[in-house]
Each structure stands twice: as C-alpha cells, then as structure tokens.
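Report on one structure; see the data block that follows.
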Amino acid sequence: MIDRLATVNAARTLKVVGTILILSFLLDFLILLFPFQPTDKGWQIGLATALVDRGIVPMVGLGMLFAGYWIDSTNDGDRPQPVDLRFPALILSSILGLLFLLIFPLHLNNVNQAKSQTVTRITQDADQAETQLKSQLTQLQAQLGNAQVKAQLEQQKSQIKAQFTDLLKDEQKYKQALDNPNLPATQKDLLKKFKANPQELDKFLAQQSDPKALADERLNQIRQRKEEAQKQAQQEALKSGLRIGMSSLLLAIGYIIIGWTGLRGMGALQGGGRKKAPAR
C-alpha cells in the first residue's frame, strides 16, 4: 500500500512539475512578444535568442509529464486518465519543432544583415573622423604659416624641453615620477626612453610639433579602431549565429521527434484498441 501511494505521488508530482514548466515557457513566450515589432531585425534577433535559451525548459517538462503518465500506466495498467494531457502536449511539441526549425535560417539571415549594417556604420564613422582630421590638419598648417604662431610654438617646445631636461638630470625627481601612481604608463615609458637616449626627446618634441606626424598618428589610431570594431562585430555575429542557430536546429529535431513519433504511437495504440474491441 505504501509503495503504491508513493508511486501515485511520484507520478502526480512529475505531471504537475512538467505541466508548470511547459506553461511557464508559454507565458515567457507571450511576454517576450511585447512590444510587438515584427519588422525590427533587432527585435527578431532578441526574440530568437530568448526563445532558444529557454527552449530546453518545455522539453524537460514534456519528459517529466510523460514519465508521470508512464508510471501511472505501469501502476494502473490502461486505466483511463481523468485529464489526459499527452495528446495536446504532443501537438505542442510538433508546433515547437516547426517554430525552432523556422528560427534556424531566419536568425542566421537576421544576424548576417545586422552584422553588415554594423560594419557599414563603423566604416562611415571612421570615414567621417578621417575627413574631420584632414580638415583640422589643413587649418593647423595654415595657422603654422603665421610667423607669430610659429614663434609661440617654438617657445613652448623650448619650455617643455627644459622641463624634461631638468627632470631627467635630477635623479630624485626622476625616481619620484616613475613611482608616481597617477602618472600614465606611457609617459613613464617615454621618461625611460629619454633617460636612456636624450636625442629621443628632440625627436619626440619634433613629432609633437609636426601637425602632419600627429595627423598620421591619429589616422592610424582611427583605422586601427575601425578594424578592431569590425572584427568584433563579425566575431559576435559568428558566435550568435553558431550558438543560436545550431541550438535551434537541435531543439527542432528533438521536438519534432517527440511530437511526430508520439502522435504516430498514440494513433497506432488507438487503432489497435479499436481492432481489439469485441464484435457484437
């Protein structure tokens, strides 16, 4: 009697938990649909990602639900169930299989389009930054044509060189600068370079006062950031396509097998039951 009661409780628990898992996924699905923006590629990508990430939940629920019915069948034979959820569960499984099968190519296409848009936007931003930089270079070169501006620039170079020279000659100040946590590492590297070779200081000041050299350096930075951003966008698109696409395909195969084979089996059982019915 105790074993029978435990079996009944286990079967009921499995069916209740399985049903709750399936219903929770359906509730999440309805919530994820809002705000409804079917023409927005970003909304489609987000919906597909969220559904695939939750896609295993109803499959676990189906497994627990059918495990509960199987326990009932081994315990009570073919006694009719008061509420049989197996047939609607198999229909739902087939629908989910078709849904995830459609998500597979749709998500890959959306991710590819989003990647192309992102790469195009990155390229446009970089081109705009290069155009602005060239315009600023032209203006700066025109200003340097003024003798007064050029003289002020030379005076600033002399002052900066004197400050660096005094710092490099004073070992105590030099060590304090290297030990200063607020001083950026790039500036510390420059100080070490100037200390090892004082001629590097003159080269550095010449580069800093040369607008063409500064523009080239800035241009290289813009192009490097553009390449890194484009590479990151391509990698993110590849990861999303592989993870969501392949997971969606696997879920589709699983749900279709569960749904279609289950429906076929129930049809065979029902057909067999009709054949065994005694003739009057």
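Letters A, B, ... go to the chains of the structure tokens in the order shown; residues in each chain start at 1; ligands are counted from 1 in the same order.
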Give me the residues within 9 Å of A:Leu99 as an mmCIF file with N, CA and C atoms, in the first residue's frame, counting only C-alpha atoms and dropping any in the same chain fewer than 5 places off.
```
data_model
loop_
_atom_site.group_PDB
_atom_site.id
_atom_site.type_symbol
_atom_site.label_atom_id
_atom_site.label_comp_id
_atom_site.auth_asym_id
_atom_site.auth_seq_id
_atom_site.Cartn_x
_atom_site.Cartn_y
_atom_site.Cartn_z
ATOM 1 N N SER A 94 5.154 19.287 -31.548
ATOM 2 C CA SER A 94 5.296 19.392 -33.007
ATOM 3 C C SER A 94 5.345 20.851 -33.445
ATOM 4 N N PHE A 104 15.940 28.779 -37.169
ATOM 5 C CA PHE A 104 17.314 28.490 -37.614
ATOM 6 C C PHE A 104 17.738 29.339 -38.814
ATOM 7 N N SER A 248 18.976 26.020 -32.017
ATOM 8 C CA SER A 248 17.617 25.998 -32.556
ATOM 9 C C SER A 248 17.378 24.760 -33.411
ATOM 10 N N ALA A 252 14.744 21.847 -32.629
ATOM 11 C CA ALA A 252 13.732 21.494 -33.626
ATOM 12 C C ALA A 252 13.706 19.989 -33.857
#
```
Determine, using only C-alpha atoms, which residues of stretch 60-166 of chain A have any atom at most 10 Å from an atom of stretch 170-185 of chain A, and tabulate each with its shortest atom pair and distance in Å to one decimal place, rows ordered by chain and then rising number, as a tab-separated table.
```
residue	atom	partner	partner_atom	distance
A:Phe164	CA	A:Tyr174	CA	9.6
A:Thr165	CA	A:Asp170	CA	8.7
A:Asp166	CA	A:Asp170	CA	6.3
```
Selected residues, all heavy atoms, written as a PDB file, in the first residue's frame, please.
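Result file out-v1.pdb:
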```
ATOM      1  N   PHE A 164      61.695  68.772 -19.175  1.00  0.00           N
ATOM      2  CA  PHE A 164      62.110  67.372 -19.252  1.00  0.00           C
ATOM      3  C   PHE A 164      63.589  67.215 -18.905  1.00  0.00           C
ATOM      4  O   PHE A 164      63.982  66.262 -18.214  1.00  0.00           O
ATOM      5  CB  PHE A 164      61.845  66.819 -20.654  1.00  0.00           C
ATOM      6  CG  PHE A 164      60.472  66.247 -20.834  1.00  0.00           C
ATOM      7  CD1 PHE A 164      59.529  66.908 -21.599  1.00  0.00           C
ATOM      8  CD2 PHE A 164      60.134  65.046 -20.243  1.00  0.00           C
ATOM      9  CE1 PHE A 164      58.267  66.385 -21.765  1.00  0.00           C
ATOM     10  CE2 PHE A 164      58.871  64.506 -20.408  1.00  0.00           C
ATOM     11  CZ  PHE A 164      57.922  65.186 -21.167  1.00  0.00           C
ATOM     12  N   THR A 165      64.410  68.133 -19.387  1.00  0.00           N
ATOM     13  CA  THR A 165      65.857  68.049 -19.135  1.00  0.00           C
ATOM     14  C   THR A 165      66.152  68.154 -17.653  1.00  0.00           C
ATOM     15  O   THR A 165      66.972  67.391 -17.106  1.00  0.00           O
ATOM     16  CB  THR A 165      66.592  69.154 -19.905  1.00  0.00           C
ATOM     17  OG1 THR A 165      66.306  69.025 -21.310  1.00  0.00           O
ATOM     18  CG2 THR A 165      68.094  69.042 -19.695  1.00  0.00           C
ATOM     19  N   ASP A 166      65.491  69.107 -16.978  1.00  0.00           N
ATOM     20  CA  ASP A 166      65.688  69.253 -15.533  1.00  0.00           C
ATOM     21  C   ASP A 166      65.234  68.002 -14.787  1.00  0.00           C
ATOM     22  O   ASP A 166      65.892  67.565 -13.831  1.00  0.00           O
ATOM     23  CB  ASP A 166      64.918  70.475 -15.020  1.00  0.00           C
ATOM     24  CG  ASP A 166      65.492  71.784 -15.553  1.00  0.00           C
ATOM     25  OD1 ASP A 166      66.672  71.783 -15.977  1.00  0.00           O
ATOM     26  OD2 ASP A 166      64.764  72.797 -15.572  1.00  0.00           O
TER      27      ASP A 166
END
```
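With distances taken over only C-alpha atoms, A:Ile71 is the one residue among A:Ile71, A:Ile95, A:Ala162, A:Leu250 lying closest to A:Thr7.
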Per-residue DSSP, stretch 158-212 of chain A, filtered to helix (DSSP H, G or I), as a PyMOL selection string: chain A and resi 158-169+171-179+185-196+199-208+211-212
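Our summary of the geometry notes that atom CA of A:Leu106 is positioned 10.2 Å from atom CA of A:Gly241.
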Atom-to-atom span, atom CA of A:Ser240 and atom CA of A:Ile256, Å: 23.4 Å
Contact residues around A:Arg223 with only C-alpha atoms at 12 Å, ignoring same-chain residues under 3 positions, as a VMD selection string: chain A and resid 122 to 130 216 to 220 226 to 230
Dump as a PDB file, in the first residue's frame, selection limited to N, CA and C atoms:
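Below is the file that was written, part-v6.pdb:
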```pdb
ATOM      1  N   ILE A 122      30.246  51.420 -38.822  1.00  0.00           N
ATOM      2  CA  ILE A 122      31.613  51.621 -38.324  1.00  0.00           C
ATOM      3  C   ILE A 122      32.481  52.273 -39.400  1.00  0.00           C
ATOM      4  N   THR A 123      32.330  51.800 -40.630  1.00  0.00           N
ATOM      5  CA  THR A 123      33.106  52.373 -41.734  1.00  0.00           C
ATOM      6  C   THR A 123      32.742  53.835 -41.965  1.00  0.00           C
ATOM      7  N   GLN A 124      31.465  54.146 -41.910  1.00  0.00           N
ATOM      8  CA  GLN A 124      31.023  55.528 -42.110  1.00  0.00           C
ATOM      9  C   GLN A 124      31.547  56.439 -41.006  1.00  0.00           C
ATOM     10  N   ASP A 125      31.494  55.978 -39.762  1.00  0.00           N
ATOM     11  CA  ASP A 125      32.005  56.783 -38.645  1.00  0.00           C
ATOM     12  C   ASP A 125      33.506  57.022 -38.788  1.00  0.00           C
ATOM     13  N   ALA A 126      34.233  55.973 -39.205  1.00  0.00           N
ATOM     14  CA  ALA A 126      35.685  56.130 -39.379  1.00  0.00           C
ATOM     15  C   ALA A 126      36.001  57.084 -40.528  1.00  0.00           C
ATOM     16  N   ASP A 127      35.257  56.981 -41.619  1.00  0.00           N
ATOM     17  CA  ASP A 127      35.480  57.891 -42.746  1.00  0.00           C
ATOM     18  C   ASP A 127      35.185  59.341 -42.354  1.00  0.00           C
ATOM     19  N   GLN A 128      34.133  59.524 -41.557  1.00  0.00           N
ATOM     20  CA  GLN A 128      33.807  60.877 -41.100  1.00  0.00           C
ATOM     21  C   GLN A 128      34.906  61.435 -40.196  1.00  0.00           C
ATOM     22  N   ALA A 129      35.445  60.581 -39.321  1.00  0.00           N
ATOM     23  CA  ALA A 129      36.522  61.019 -38.435  1.00  0.00           C
ATOM     24  C   ALA A 129      37.778  61.368 -39.242  1.00  0.00           C
ATOM     25  N   GLU A 130      38.079  60.587 -40.284  1.00  0.00           N
ATOM     26  CA  GLU A 130      39.237  60.886 -41.125  1.00  0.00           C
ATOM     27  C   GLU A 130      39.040  62.205 -41.868  1.00  0.00           C
ATOM     28  N   ASP A 216      49.021  61.788 -38.901  1.00  0.00           N
ATOM     29  CA  ASP A 216      49.256  60.401 -39.317  1.00  0.00           C
ATOM     30  C   ASP A 216      49.066  59.435 -38.150  1.00  0.00           C
ATOM     31  N   GLU A 217      49.546  59.851 -36.980  1.00  0.00           N
ATOM     32  CA  GLU A 217      49.384  59.002 -35.801  1.00  0.00           C
ATOM     33  C   GLU A 217      47.907  58.837 -35.446  1.00  0.00           C
ATOM     34  N   ARG A 218      47.187  59.965 -35.484  1.00  0.00           N
ATOM     35  CA  ARG A 218      45.754  59.918 -35.195  1.00  0.00           C
ATOM     36  C   ARG A 218      45.006  59.102 -36.256  1.00  0.00           C
ATOM     37  N   LEU A 219      45.435  59.220 -37.493  1.00  0.00           N
ATOM     38  CA  LEU A 219      44.810  58.474 -38.578  1.00  0.00           C
ATOM     39  C   LEU A 219      45.004  56.970 -38.395  1.00  0.00           C
ATOM     40  N   ASN A 220      46.194  56.589 -37.983  1.00  0.00           N
ATOM     41  CA  ASN A 220      46.464  55.172 -37.726  1.00  0.00           C
ATOM     42  C   ASN A 220      45.597  54.638 -36.584  1.00  0.00           C
ATOM     43  N   LYS A 226      38.837  51.085 -36.190  1.00  0.00           N
ATOM     44  CA  LYS A 226      37.830  50.628 -37.149  1.00  0.00           C
ATOM     45  C   LYS A 226      37.987  49.128 -37.415  1.00  0.00           C
ATOM     46  N   GLU A 227      39.217  48.691 -37.633  1.00  0.00           N
ATOM     47  CA  GLU A 227      39.452  47.270 -37.885  1.00  0.00           C
ATOM     48  C   GLU A 227      39.067  46.412 -36.685  1.00  0.00           C
ATOM     49  N   GLU A 228      39.390  46.895 -35.478  1.00  0.00           N
ATOM     50  CA  GLU A 228      39.046  46.141 -34.276  1.00  0.00           C
ATOM     51  C   GLU A 228      37.537  46.063 -34.097  1.00  0.00           C
ATOM     52  N   ALA A 229      36.827  47.175 -34.339  1.00  0.00           N
ATOM     53  CA  ALA A 229      35.369  47.178 -34.198  1.00  0.00           C
ATOM     54  C   ALA A 229      34.712  46.270 -35.229  1.00  0.00           C
ATOM     55  N   GLN A 230      35.207  46.308 -36.458  1.00  0.00           N
ATOM     56  CA  GLN A 230      34.654  45.439 -37.494  1.00  0.00           C
ATOM     57  C   GLN A 230      34.914  43.968 -37.164  1.00  0.00           C
TER      58      GLN A 230
END
```
Contacts of stretch 197-202 of chain A at 12 Å (only C-alpha atoms; same-chain gap of 2+ positions) as a list in words: Lys157, Ser158, Ile160, Lys161, Ala162, Gln163, Phe164, Thr165, Asp166, Leu167, Leu168, Lys169, Asp189, Leu190, Leu191, Lys192, Lys193, Phe194, Lys195, Phe204, Leu205, Ala206, Gln207, Gln208 and Ser209 of chain A
Contacts of A:Ile56 at 10 Å (only C-alpha atoms; same-chain gap of 6+ positions) as an MDAnalysis selection string: chainID A and resid 21 25 62 247 251 254:255
Nearest candidate to A:Met64 (options A:Leu47, A:Leu92, A:Ala10, A:Val83; using only C-alpha atoms): A:Ala10
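The smallest atom-to-atom distance between A:Leu140 and any of A:Ala67, A:Ala215, A:Ile22, A:Leu5, using only C-alpha atoms, is found for A:Ala215.
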All residues 9 Å or closer to A:Ser116, only C-alpha atoms, same chain fewer than 4 positions away omitted, as JSON, numbers by chain: {"A": [111, 112, 120, 121, 233, 234]}
Contacts of A:Gln113 at 10 Å (only C-alpha atoms; same-chain gap of 5+ positions) as a VMD selection string: chain A and resid 41 107 to 108 118 to 119 237
